[in-house]
>>> print(open('work-v1.cif').read())   # mmCIF, C-alpha atoms
data_coords
#
loop_
_atom_site.group_PDB
_atom_site.id
_atom_site.type_symbol
_atom_site.label_atom_id
_atom_site.label_comp_id
_atom_site.auth_asym_id
_atom_site.auth_seq_id
_atom_site.Cartn_x
_atom_site.Cartn_y
_atom_site.Cartn_z
ATOM 1 C CA PHE A 15 -20.792 23.504 -12.438
ATOM 2 C CA ARG A 16 -21.270 22.862 -16.151
ATOM 3 C CA SER A 17 -17.587 22.645 -17.119
ATOM 4 C CA VAL A 18 -14.232 21.734 -15.609
ATOM 5 C CA LEU A 19 -10.738 23.180 -15.581
ATOM 6 C CA LEU A 20 -7.373 21.701 -14.699
ATOM 7 C CA GLY A 21 -3.695 22.418 -15.017
ATOM 8 C CA LEU A 22 -2.143 20.280 -17.750
ATOM 9 C CA SER A 23 1.532 19.762 -16.976
ATOM 10 C CA GLY A 24 2.591 17.213 -19.556
ATOM 11 C CA GLY A 25 2.734 14.576 -16.819
ATOM 12 C CA ILE A 26 0.737 11.384 -16.525
ATOM 13 C CA ASP A 27 -1.566 12.432 -13.670
ATOM 14 C CA SER A 28 -3.044 15.531 -15.297
ATOM 15 C CA ALA A 29 -3.170 13.703 -18.640
ATOM 16 C CA LEU A 30 -5.326 10.959 -17.143
ATOM 17 C CA VAL A 31 -7.563 13.437 -15.300
ATOM 18 C CA ALA A 32 -8.147 15.385 -18.528
ATOM 19 C CA THR A 33 -8.966 12.156 -20.364
ATOM 20 C CA ILE A 34 -11.385 10.965 -17.687
ATOM 21 C CA ALA A 35 -13.114 14.355 -17.726
ATOM 22 C CA ALA A 36 -13.420 14.391 -21.510
ATOM 23 C CA ASP A 37 -14.879 10.870 -21.503
ATOM 24 C CA ALA A 38 -17.308 11.785 -18.738
ATOM 25 C CA ILE A 39 -18.686 15.144 -19.901
ATOM 26 C CA GLY A 40 -17.289 15.658 -23.400
ATOM 27 C CA PRO A 41 -14.155 17.496 -24.537
ATOM 28 C CA ASP A 42 -16.009 20.735 -25.247
ATOM 29 C CA LEU A 43 -16.606 21.169 -21.511
ATOM 30 C CA VAL A 44 -12.994 20.502 -20.501
ATOM 31 C CA HIS A 45 -10.653 23.483 -20.187
ATOM 32 C CA VAL A 46 -6.957 22.988 -19.523
ATOM 33 C CA VAL A 47 -4.268 25.499 -18.635
ATOM 34 C CA LEU A 48 -0.597 25.044 -19.431
ATOM 35 C CA LEU A 49 1.472 26.901 -16.824
ATOM 36 C CA PRO A 50 5.140 26.632 -17.810
ATOM 37 C CA SER A 51 7.768 27.849 -15.344
ATOM 38 C CA ARG A 52 11.497 28.428 -15.641
ATOM 39 C CA TYR A 53 11.999 24.710 -14.930
ATOM 40 C CA SER A 54 9.435 23.291 -17.366
ATOM 41 C CA THR A 55 10.998 21.272 -20.144
ATOM 42 C CA GLU A 56 10.088 21.861 -23.767
ATOM 43 C CA GLY A 57 8.844 18.289 -23.918
ATOM 44 C CA SER A 58 6.330 18.882 -21.137
ATOM 45 C CA VAL A 59 4.707 21.710 -23.067
ATOM 46 C CA THR A 60 4.695 19.931 -26.423
ATOM 47 C CA ASP A 61 3.373 16.698 -24.873
ATOM 48 C CA ALA A 62 0.521 18.616 -23.238
ATOM 49 C CA GLU A 63 -0.255 20.395 -26.504
ATOM 50 C CA GLU A 64 -0.323 17.067 -28.343
ATOM 51 C CA LEU A 65 -2.835 15.671 -25.838
ATOM 52 C CA VAL A 66 -5.028 18.755 -26.300
ATOM 53 C CA LYS A 67 -4.895 18.302 -30.084
ATOM 54 C CA ARG A 68 -5.780 14.604 -29.943
ATOM 55 C CA GLN A 69 -8.708 15.096 -27.588
ATOM 56 C CA GLY A 70 -10.096 18.422 -28.772
ATOM 57 C CA LEU A 71 -9.920 20.190 -25.423
ATOM 58 C CA HIS A 72 -10.015 23.925 -24.804
ATOM 59 C CA SER A 73 -6.564 25.133 -23.791
ATOM 60 C CA ARG A 74 -4.591 28.240 -22.985
ATOM 61 C CA ILE A 75 -1.019 28.927 -21.925
ATOM 62 C CA VAL A 76 -0.339 31.125 -18.883
ATOM 63 C CA PRO A 77 3.412 31.326 -18.204
ATOM 64 C CA ILE A 78 4.085 31.808 -14.493
ATOM 65 C CA ARG A 79 7.726 32.904 -14.596
ATOM 66 C CA GLY A 80 6.871 36.602 -14.329
ATOM 67 C CA MET A 81 4.499 35.931 -11.430
ATOM 68 C CA VAL A 82 7.174 33.940 -9.608
ATOM 69 C CA ASP A 83 9.718 36.707 -10.222
ATOM 70 C CA ALA A 84 7.311 39.264 -8.744
ATOM 71 C CA PHE A 85 6.858 37.214 -5.582
ATOM 72 C CA GLU A 86 10.583 36.558 -5.244
ATOM 73 C CA ALA A 87 11.299 40.281 -5.563
ATOM 74 C CA GLU A 88 9.357 40.775 -2.328
ATOM 75 C CA LEU A 89 10.003 37.466 -0.531
ATOM 76 C CA ASP A 90 13.379 35.848 0.025
ATOM 77 C CA LEU A 91 12.457 32.181 -0.404
ATOM 78 C CA HIS A 92 14.762 29.223 -0.930
ATOM 79 C CA GLY A 93 14.611 25.457 -1.391
ATOM 80 C CA LEU A 94 11.253 23.862 -0.717
ATOM 81 C CA ALA A 95 9.601 27.217 -0.011
ATOM 82 C CA ALA A 96 10.576 28.468 -3.473
ATOM 83 C CA GLU A 97 9.346 25.233 -5.073
ATOM 84 C CA ASN A 98 5.993 25.400 -3.318
ATOM 85 C CA LEU A 99 5.562 29.040 -4.310
ATOM 86 C CA GLN A 100 5.354 27.964 -7.954
ATOM 87 C CA ALA A 101 2.706 25.357 -7.167
ATOM 88 C CA ARG A 102 0.634 27.911 -5.254
ATOM 89 C CA ILE A 103 0.847 30.464 -8.038
ATOM 90 C CA ARG A 104 -0.468 27.872 -10.463
ATOM 91 C CA ALA A 105 -3.362 27.161 -8.109
ATOM 92 C CA ASN A 106 -4.185 30.875 -7.972
ATOM 93 C CA VAL A 107 -4.481 30.879 -11.746
ATOM 94 C CA TRP A 108 -6.823 27.860 -11.692
ATOM 95 C CA MET A 109 -9.032 29.321 -9.010
ATOM 96 C CA GLY A 110 -9.115 32.749 -10.676
ATOM 97 C CA LEU A 111 -10.278 31.215 -13.947
ATOM 98 C CA SER A 112 -12.761 29.080 -12.021
ATOM 99 C CA ASN A 113 -14.285 32.174 -10.421
ATOM 100 C CA GLU A 114 -14.281 34.089 -13.705
ATOM 101 C CA HIS A 115 -15.842 31.398 -15.888
ATOM 102 C CA GLY A 116 -17.610 29.055 -13.487
ATOM 103 C CA HIS A 117 -15.439 25.978 -14.075
ATOM 104 C CA LEU A 118 -15.018 23.251 -11.461
ATOM 105 C CA VAL A 119 -11.295 22.844 -10.773
ATOM 106 C CA LEU A 120 -10.118 19.231 -10.966
ATOM 107 C CA THR A 121 -7.214 18.218 -8.751
ATOM 108 C CA GLY A 122 -4.646 15.828 -10.193
ATOM 109 C CA GLY A 123 -3.050 14.178 -7.168
ATOM 110 C CA ASN A 124 -2.891 10.381 -6.923
ATOM 111 C CA LYS A 125 -3.090 8.098 -3.876
ATOM 112 C CA SER A 126 0.679 7.600 -3.660
ATOM 113 C CA GLU A 127 1.134 11.369 -3.331
ATOM 114 C CA LEU A 128 -1.699 11.707 -0.829
ATOM 115 C CA ALA A 129 -0.299 8.866 1.244
ATOM 116 C CA THR A 130 3.213 10.287 1.515
ATOM 117 C CA GLY A 131 2.341 13.982 1.659
ATOM 118 C CA TYR A 132 3.977 14.618 -1.723
ATOM 119 C CA SER A 133 1.786 17.603 -2.530
ATOM 120 C CA THR A 134 1.626 21.331 -1.800
ATOM 121 C CA LEU A 135 -1.171 22.672 0.362
ATOM 122 C CA TYR A 136 -3.044 25.417 -1.537
ATOM 123 C CA GLY A 137 -0.979 24.459 -4.585
ATOM 124 C CA ASP A 138 -1.415 21.249 -6.570
ATOM 125 C CA SER A 139 -3.862 20.085 -3.877
ATOM 126 C CA ALA A 140 -6.269 22.964 -4.665
ATOM 127 C CA GLY A 141 -9.559 22.299 -6.406
ATOM 128 C CA GLY A 142 -13.087 21.022 -5.979
ATOM 129 C CA PHE A 143 -12.915 17.387 -7.093
ATOM 130 C CA ALA A 144 -10.052 14.890 -7.305
ATOM 131 C CA PRO A 145 -10.816 12.125 -9.844
ATOM 132 C CA ILE A 146 -7.710 9.971 -9.241
ATOM 133 C CA LYS A 147 -7.127 10.456 -5.510
ATOM 134 C CA ASP A 148 -7.790 6.747 -4.857
ATOM 135 C CA LEU A 149 -5.426 5.476 -7.568
ATOM 136 C CA THR A 150 -1.810 4.704 -6.744
ATOM 137 C CA LYS A 151 0.744 5.955 -9.251
ATOM 138 C CA THR A 152 1.192 2.505 -10.756
ATOM 139 C CA MET A 153 -2.594 2.291 -11.193
ATOM 140 C CA VAL A 154 -2.521 5.654 -12.966
ATOM 141 C CA TRP A 155 -0.039 4.320 -15.503
ATOM 142 C CA ALA A 156 -2.018 1.096 -15.924
ATOM 143 C CA LEU A 157 -5.286 2.957 -16.493
ATOM 144 C CA ALA A 158 -3.656 5.319 -19.005
ATOM 145 C CA ARG A 159 -2.332 2.375 -20.998
ATOM 146 C CA TRP A 160 -5.733 0.655 -20.795
ATOM 147 C CA ARG A 161 -7.489 3.778 -22.109
ATOM 148 C CA ASN A 162 -5.137 3.963 -25.068
ATOM 149 C CA GLU A 163 -5.763 0.289 -25.831
ATOM 150 C CA GLN A 164 -9.514 0.934 -26.178
ATOM 151 C CA VAL A 165 -9.110 3.049 -29.321
ATOM 152 C CA GLY A 166 -11.063 1.379 -32.115
ATOM 153 C CA ARG A 167 -13.153 -0.691 -29.704
ATOM 154 C CA ASP A 168 -16.823 -0.148 -28.928
ATOM 155 C CA VAL A 169 -16.826 0.725 -25.227
ATOM 156 C CA PRO A 170 -20.148 2.403 -24.235
ATOM 157 C CA PHE A 171 -18.744 4.855 -21.688
ATOM 158 C CA LEU A 172 -15.726 5.972 -23.753
ATOM 159 C CA ARG A 173 -15.558 8.446 -26.621
ATOM 160 C CA PRO A 174 -14.682 6.998 -30.019
ATOM 161 C CA LEU A 175 -11.248 8.334 -30.958
ATOM 162 C CA GLU A 176 -9.045 7.892 -33.993
ATOM 163 C CA ALA A 177 -5.760 8.128 -32.083
ATOM 164 C CA GLU A 178 -4.602 7.164 -28.614
ATOM 165 C CA PRO A 179 -5.789 9.978 -26.328
ATOM 166 C CA ILE A 180 -2.637 10.024 -24.176
ATOM 167 C CA PRO A 181 0.661 10.416 -26.063
ATOM 168 C CA VAL A 182 3.051 7.587 -25.268
ATOM 169 C CA GLU A 183 5.722 10.172 -24.416
ATOM 170 C CA ILE A 184 3.645 11.170 -21.388
ATOM 171 C CA ILE A 185 3.259 7.587 -20.230
ATOM 172 C CA VAL A 186 6.935 6.616 -20.479
ATOM 173 C CA LYS A 187 8.557 9.799 -19.152
ATOM 174 C CA GLU A 188 10.035 9.804 -15.662
ATOM 175 C CA PRO A 189 7.735 11.590 -13.166
ATOM 176 C CA SER A 190 8.797 15.071 -12.083
ATOM 177 C CA ALA A 191 7.142 18.054 -10.422
ATOM 178 C CA GLU A 192 9.505 20.337 -12.405
ATOM 179 C CA LEU A 193 9.876 22.824 -9.550
ATOM 180 C CA ARG A 194 13.686 22.849 -9.576
ATOM 181 C CA PRO A 195 16.389 21.966 -12.121
ATOM 182 C CA ASP A 196 16.429 18.293 -13.186
ATOM 183 C CA GLN A 197 13.946 17.354 -10.457
ATOM 184 C CA LYS A 198 12.612 13.790 -10.388
ATOM 185 C CA ASP A 199 10.094 12.134 -8.045
ATOM 186 C CA ARG A 200 12.741 9.528 -7.187
ATOM 187 C CA ASP A 201 14.804 12.293 -5.534
ATOM 188 C CA THR A 202 12.261 12.260 -2.696
ATOM 189 C CA LEU A 203 10.286 9.038 -2.996
ATOM 190 C CA PRO A 204 11.223 5.394 -3.598
ATOM 191 C CA PRO A 205 10.450 4.004 -7.065
ATOM 192 C CA TYR A 206 6.701 3.655 -7.397
ATOM 193 C CA ASP A 207 6.882 -0.056 -8.179
ATOM 194 C CA VAL A 208 8.456 -0.440 -4.724
ATOM 195 C CA LEU A 209 6.462 2.222 -2.895
ATOM 196 C CA ASP A 210 2.957 1.358 -4.076
ATOM 197 C CA PRO A 211 2.835 -2.289 -2.887
ATOM 198 C CA LEU A 212 4.013 -1.105 0.534
ATOM 199 C CA LEU A 213 1.360 1.610 0.616
ATOM 200 C CA VAL A 214 -1.351 -0.872 -0.319
ATOM 201 C CA ASP A 215 -0.271 -3.229 2.457
ATOM 202 C CA TYR A 216 -0.113 -0.474 5.080
ATOM 203 C CA VAL A 217 -3.081 1.665 4.057
ATOM 204 C CA GLU A 218 -5.556 -0.781 2.545
ATOM 205 C CA ARG A 219 -4.653 -3.984 4.379
ATOM 206 C CA ASP A 220 -3.866 -2.443 7.786
ATOM 207 C CA MET A 221 -0.606 -4.355 8.106
ATOM 208 C CA GLY A 222 1.636 -3.198 10.953
ATOM 209 C CA ARG A 223 5.406 -2.775 10.926
ATOM 210 C CA ASN A 224 6.282 -6.400 11.651
ATOM 211 C CA ALA A 225 3.759 -7.759 9.182
ATOM 212 C CA LEU A 226 5.093 -5.451 6.466
ATOM 213 C CA VAL A 227 8.651 -6.623 7.065
ATOM 214 C CA ALA A 228 7.513 -10.251 7.134
ATOM 215 C CA ALA A 229 5.801 -9.659 3.787
ATOM 216 C CA GLY A 230 9.181 -8.823 2.285
ATOM 217 C CA HIS A 231 9.299 -5.020 2.434
ATOM 218 C CA ASP A 232 12.619 -3.405 3.354
ATOM 219 C CA PRO A 233 12.594 -2.629 7.120
ATOM 220 C CA ALA A 234 14.130 0.840 6.779
ATOM 221 C CA LEU A 235 11.706 1.743 4.009
ATOM 222 C CA VAL A 236 8.789 0.423 6.046
ATOM 223 C CA GLU A 237 9.591 2.730 8.951
ATOM 224 C CA ARG A 238 10.152 5.700 6.644
ATOM 225 C CA VAL A 239 6.916 5.213 4.713
ATOM 226 C CA ILE A 240 4.846 4.619 7.857
ATOM 227 C CA ARG A 241 6.093 7.917 9.226
ATOM 228 C CA LEU A 242 5.387 9.753 5.949
ATOM 229 C CA VAL A 243 1.850 8.389 5.778
ATOM 230 C CA ASP A 244 0.980 9.166 9.382
ATOM 231 C CA LEU A 245 2.426 12.685 9.314
ATOM 232 C CA ALA A 246 0.531 13.630 6.137
ATOM 233 C CA GLU A 247 -2.927 13.164 7.647
ATOM 234 C CA TYR A 248 -3.374 16.921 8.144
ATOM 235 C CA LYS A 249 -2.856 17.455 4.414
ATOM 236 C CA ARG A 250 -5.340 14.764 3.444
ATOM 237 C CA ARG A 251 -8.029 16.341 5.627
ATOM 238 C CA GLN A 252 -7.800 19.447 3.428
ATOM 239 C CA TYR A 253 -7.861 17.591 0.117
ATOM 240 C CA PRO A 254 -10.851 17.736 -2.256
ATOM 241 C CA PRO A 255 -13.291 14.811 -2.384
ATOM 242 C CA GLY A 256 -13.034 12.144 -5.032
ATOM 243 C CA PRO A 257 -14.341 8.700 -5.974
ATOM 244 C CA LYS A 258 -13.607 5.597 -3.921
ATOM 245 C CA ILE A 259 -12.442 2.656 -6.023
ATOM 246 C CA THR A 260 -10.205 0.644 -3.664
ATOM 247 C CA PRO A 261 -11.136 -1.368 -0.555
ATOM 248 C CA LYS A 262 -9.947 1.476 1.680
ATOM 249 C CA ASN A 263 -9.671 5.111 0.626
ATOM 250 C CA PHE A 264 -8.482 8.208 2.438
ATOM 251 C CA GLY A 265 -11.127 10.430 3.974
ATOM 252 C CA ARG A 266 -13.867 7.942 4.788
ATOM 253 C CA ASP A 267 -12.313 4.520 5.315
ATOM 254 C CA ARG A 268 -8.954 5.452 6.803
ATOM 255 C CA ARG A 269 -8.587 8.351 9.211
ATOM 256 C CA LEU A 270 -6.085 9.200 11.923
ATOM 257 C CA PRO A 271 -6.417 11.908 14.567
ATOM 258 C CA ILE A 272 -4.307 14.812 13.307
ATOM 259 C CA THR A 273 -2.947 15.487 16.797
ATOM 260 C CA ASN A 274 -2.176 11.838 17.497
ATOM 261 C CA ARG A 275 1.453 11.260 18.587
ATOM 262 C CA TRP A 276 1.247 7.512 18.077
ATOM 263 C CA ARG A 277 4.058 6.081 15.975
ATOM 264 C CA GLU A 278 4.298 2.495 14.785
ATOM 265 C CA PRO A 279 7.078 1.146 17.027
ATOM 266 C CA ALA A 280 10.215 -0.432 15.657
ATOM 267 C CA LYS A 281 10.483 -4.199 16.133
ATOM 268 C CA GLU A 282 12.775 -4.047 19.129
ATOM 269 C CA THR A 283 10.458 -1.687 21.038
ATOM 270 C CA LEU A 284 7.231 -3.593 20.529
ATOM 271 C CA THR A 285 5.453 -4.650 23.688
ATOM 272 C CA GLN A 286 2.751 -7.211 24.130
ATOM 273 C CA GLY A 287 -0.512 -5.993 22.684
ATOM 274 C CA GLY A 288 1.117 -3.252 20.629
ATOM 275 C CA LYS A 289 -0.014 -2.637 17.051
ATOM 276 C CA GLY A 290 1.746 -5.019 14.702
ATOM 277 C CA ALA A 291 2.774 -7.413 17.471
#
>>> encode(input="work-v1.cif", output="structure tokens")
Amino acid sequence: FRSVLLGLSGGIDSALVATIAADAIGPDLVHVVLLPSRYSTEGSVTDAEELVKRQGLHSRIVPIRGMVDAFEAELDLHGLAAENLQARIRANVWMGLSNEHGHLVLTGGNKSELATGYSTLYGDSAGGFAPIKDLTKTMVWALARWRNEQVGRDVPFLRPLEAEPIPVEIIVKEPSAELRPDQKDRDTLPPYDVLDPLLVDYVERDMGRNALVAAGHDPALVERVIRLVDLAEYKRRQYPPGPKITPKNFGRDRRLPITNRWREPAKETLTQGGKGA
């Protein structure tokens, strides 16, 4: 591949992936697609367009509302199924343009999403390389702010830019998949400043249920997150490769058997020798 392509949503994850790609191979080889749906806010589109303008990327807009309407005319889908349909239609657009023009599709999922299964198979998880798959969501925000702070400084591996590459509106907005009205990540997941430290302790430090609770994490949240992480292994096995930057990443360092029925036991059911005892 000599160029890359990604969906640019106006959110922080795709903004950081686009910025990393432009720094790595140059903006002229980065192609982004804006894929507004019936639930996309005007701000998401304008924020994405502002990022494109600041960084000099190639961009095009492919509205998906008509495609979604065509599917829904033939399939009676509701709730999560209808939400995931939109994500999968977007992925079809990426992969079609990849086949047509020879671009490598970059996947924008972060480690928090991979850990909890907060992604759509054959939708936002589609692609050939996932640059931020080993960054928790809080790390994504931190790295975006750091990149903006480098403007005007002589950093060998970064492009010299006159303006901050990532608009501050993208960094400060509340995360949302925008697959239903007024959707927010917090509808499904705990706040990332609460979730991410728990994920690091469980995934990277191999702490069991009791150790997590002793470290100060909420017991109910511990049991919920452990279950989410363990059940999402089958999704992670189908995720594109990406760089390892933490002590323990998904795919090589941390693997569970997909068919394993083991569940981290609650405190009262622990027996001698059990995990976390």
>>> resolve_selection(input="work-v1.cif", expression="the PyMOL selection byres ((chain A and resi 157) around 12)", output="list of chain:residue names")
A:Ile26, A:Asp27, A:Ala29, A:Leu30, A:Val31, A:Thr33, A:Ile34, A:Ile146, A:Leu149, A:Thr150, A:Lys151, A:Thr152, A:Met153, A:Val154, A:Trp155, A:Ala156, A:Ala158, A:Arg159, A:Trp160, A:Arg161, A:Asn162, A:Glu163, A:Gln164, A:Ile180, A:Ile185
>>> write_last_selection(input="work-v1.cif", atoms="C-alpha atoms", output="mmCIF file, in the frame of the given file")
data_model
loop_
_atom_site.group_PDB
_atom_site.id
_atom_site.type_symbol
_atom_site.label_atom_id
_atom_site.label_comp_id
_atom_site.auth_asym_id
_atom_site.auth_seq_id
_atom_site.Cartn_x
_atom_site.Cartn_y
_atom_site.Cartn_z
ATOM 1 C CA ILE A 26 0.737 11.384 -16.525
ATOM 2 C CA ASP A 27 -1.566 12.432 -13.670
ATOM 3 C CA ALA A 29 -3.170 13.703 -18.640
ATOM 4 C CA LEU A 30 -5.326 10.959 -17.143
ATOM 5 C CA VAL A 31 -7.563 13.437 -15.300
ATOM 6 C CA THR A 33 -8.966 12.156 -20.364
ATOM 7 C CA ILE A 34 -11.385 10.965 -17.687
ATOM 8 C CA ILE A 146 -7.710 9.971 -9.241
ATOM 9 C CA LEU A 149 -5.426 5.476 -7.568
ATOM 10 C CA THR A 150 -1.810 4.704 -6.744
ATOM 11 C CA LYS A 151 0.744 5.955 -9.251
ATOM 12 C CA THR A 152 1.192 2.505 -10.756
ATOM 13 C CA MET A 153 -2.594 2.291 -11.193
ATOM 14 C CA VAL A 154 -2.521 5.654 -12.966
ATOM 15 C CA TRP A 155 -0.039 4.320 -15.503
ATOM 16 C CA ALA A 156 -2.018 1.096 -15.924
ATOM 17 C CA ALA A 158 -3.656 5.319 -19.005
ATOM 18 C CA ARG A 159 -2.332 2.375 -20.998
ATOM 19 C CA TRP A 160 -5.733 0.655 -20.795
ATOM 20 C CA ARG A 161 -7.489 3.778 -22.109
ATOM 21 C CA ASN A 162 -5.137 3.963 -25.068
ATOM 22 C CA GLU A 163 -5.763 0.289 -25.831
ATOM 23 C CA GLN A 164 -9.514 0.934 -26.178
ATOM 24 C CA ILE A 180 -2.637 10.024 -24.176
ATOM 25 C CA ILE A 185 3.259 7.587 -20.230
#
>>> residues_around(input="work-v1.cif", residues="Asp232 of chain A", least_positions_apart="3", cutoff="12 Å", atoms="all atoms listed in the file", output="VMD selection string")
chain A and resid 204 208 to 209 211 to 212 223 to 229 235 to 239
>>> residues_around(input="work-v1.cif", residues="segment 15-22 of chain A", least_positions_apart="4", cutoff="7 Å", atoms="all atoms listed in the file", output="list in words")
Ser28, Ala29, Leu43, Val44, His45, Val46, Val47, Leu48, Ala62, Trp108, Gly116, His117, Leu118, Val119, Leu120 and Thr121 of chain A
>>> residues_around(input="work-v1.cif", residues="segment 253-266 of chain A", least_positions_apart="2", cutoff="7 Å", atoms="only C-alpha atoms", output="ChimeraX atom specification")
/A:139,141-145,147-148,218,249-251,268-269
>>> write_last_selection(input="work-v1.cif", atoms="C-alpha atoms", output="PDB file, keeping the file's coordinate frame")
ATOM      1  CA  SER A 139      -3.862  20.085  -3.877  1.00  0.00           C
ATOM      2  CA  GLY A 141      -9.559  22.299  -6.406  1.00  0.00           C
ATOM      3  CA  GLY A 142     -13.087  21.022  -5.979  1.00  0.00           C
ATOM      4  CA  PHE A 143     -12.915  17.387  -7.093  1.00  0.00           C
ATOM      5  CA  ALA A 144     -10.052  14.890  -7.305  1.00  0.00           C
ATOM      6  CA  PRO A 145     -10.816  12.125  -9.844  1.00  0.00           C
ATOM      7  CA  LYS A 147      -7.127  10.456  -5.510  1.00  0.00           C
ATOM      8  CA  ASP A 148      -7.790   6.747  -4.857  1.00  0.00           C
ATOM      9  CA  GLU A 218      -5.556  -0.781   2.545  1.00  0.00           C
ATOM     10  CA  LYS A 249      -2.856  17.455   4.414  1.00  0.00           C
ATOM     11  CA  ARG A 250      -5.340  14.764   3.444  1.00  0.00           C
ATOM     12  CA  ARG A 251      -8.029  16.341   5.627  1.00  0.00           C
ATOM     13  CA  ARG A 268      -8.954   5.452   6.803  1.00  0.00           C
ATOM     14  CA  ARG A 269      -8.587   8.351   9.211  1.00  0.00           C
TER      15      ARG A 269
END
>>> resolve_selection(input="work-v1.cif", expression="the PyMOL selection byres ((chain A and resi 96-105) around 7)", output="VMD selection string")
chain A and resid 49 82 91 to 95 106 to 109 134 136 to 138 140 193 to 194
>>> decode(input="work-v1.cif", residues="segment 206-218 of chain A", atoms="N, CA and C atoms", output="JSON list (two decimals), in the first residue's frame")
[["chain", "number", "residue", "atom", "x", "y", "z"],
["A", 206, "TYR", "N", -14.63, 7.31, 31.19],
["A", 206, "TYR", "CA", -13.33, 6.74, 30.86],
["A", 206, "TYR", "C", -12.28, 6.98, 31.94],
["A", 207, "ASP", "N", -12.41, 8.06, 32.70],
["A", 207, "ASP", "CA", -11.43, 8.27, 33.76],
["A", 207, "ASP", "C", -11.62, 7.29, 34.91],
["A", 208, "VAL", "N", -12.77, 6.60, 34.93],
["A", 208, "VAL", "CA", -13.01, 5.53, 35.90],
["A", 208, "VAL", "C", -12.70, 4.17, 35.26],
["A", 209, "LEU", "N", -13.13, 4.01, 34.02],
["A", 209, "LEU", "CA", -12.97, 2.73, 33.33],
["A", 209, "LEU", "C", -11.51, 2.40, 33.04],
["A", 210, "ASP", "N", -10.77, 3.36, 32.51],
["A", 210, "ASP", "CA", -9.42, 3.06, 32.04],
["A", 210, "ASP", "C", -8.46, 2.57, 33.12],
["A", 211, "PRO", "N", -8.44, 3.18, 34.32],
["A", 211, "PRO", "CA", -7.55, 2.63, 35.37],
["A", 211, "PRO", "C", -7.91, 1.20, 35.74],
["A", 212, "LEU", "N", -9.20, 0.87, 35.72],
["A", 212, "LEU", "CA", -9.62, -0.50, 36.01],
["A", 212, "LEU", "C", -9.15, -1.44, 34.90],
["A", 213, "LEU", "N", -9.28, -1.01, 33.65],
["A", 213, "LEU", "CA", -8.82, -1.85, 32.55],
["A", 213, "LEU", "C", -7.32, -2.08, 32.60],
["A", 214, "VAL", "N", -6.57, -1.05, 32.93],
["A", 214, "VAL", "CA", -5.12, -1.21, 33.04],
["A", 214, "VAL", "C", -4.76, -2.21, 34.13],
["A", 215, "ASP", "N", -5.44, -2.12, 35.26],
["A", 215, "ASP", "CA", -5.15, -3.05, 36.36],
["A", 215, "ASP", "C", -5.52, -4.48, 35.98],
["A", 216, "TYR", "N", -6.63, -4.67, 35.30],
["A", 216, "TYR", "CA", -7.08, -6.03, 34.97],
["A", 216, "TYR", "C", -6.32, -6.61, 33.78],
["A", 217, "VAL", "N", -6.15, -5.81, 32.74],
["A", 217, "VAL", "CA", -5.58, -6.31, 31.49],
["A", 217, "VAL", "C", -4.05, -6.30, 31.53],
["A", 218, "GLU", "N", -3.46, -5.21, 31.97],
["A", 218, "GLU", "CA", -2.01, -5.07, 31.88],
["A", 218, "GLU", "C", -1.29, -5.57, 33.13]]
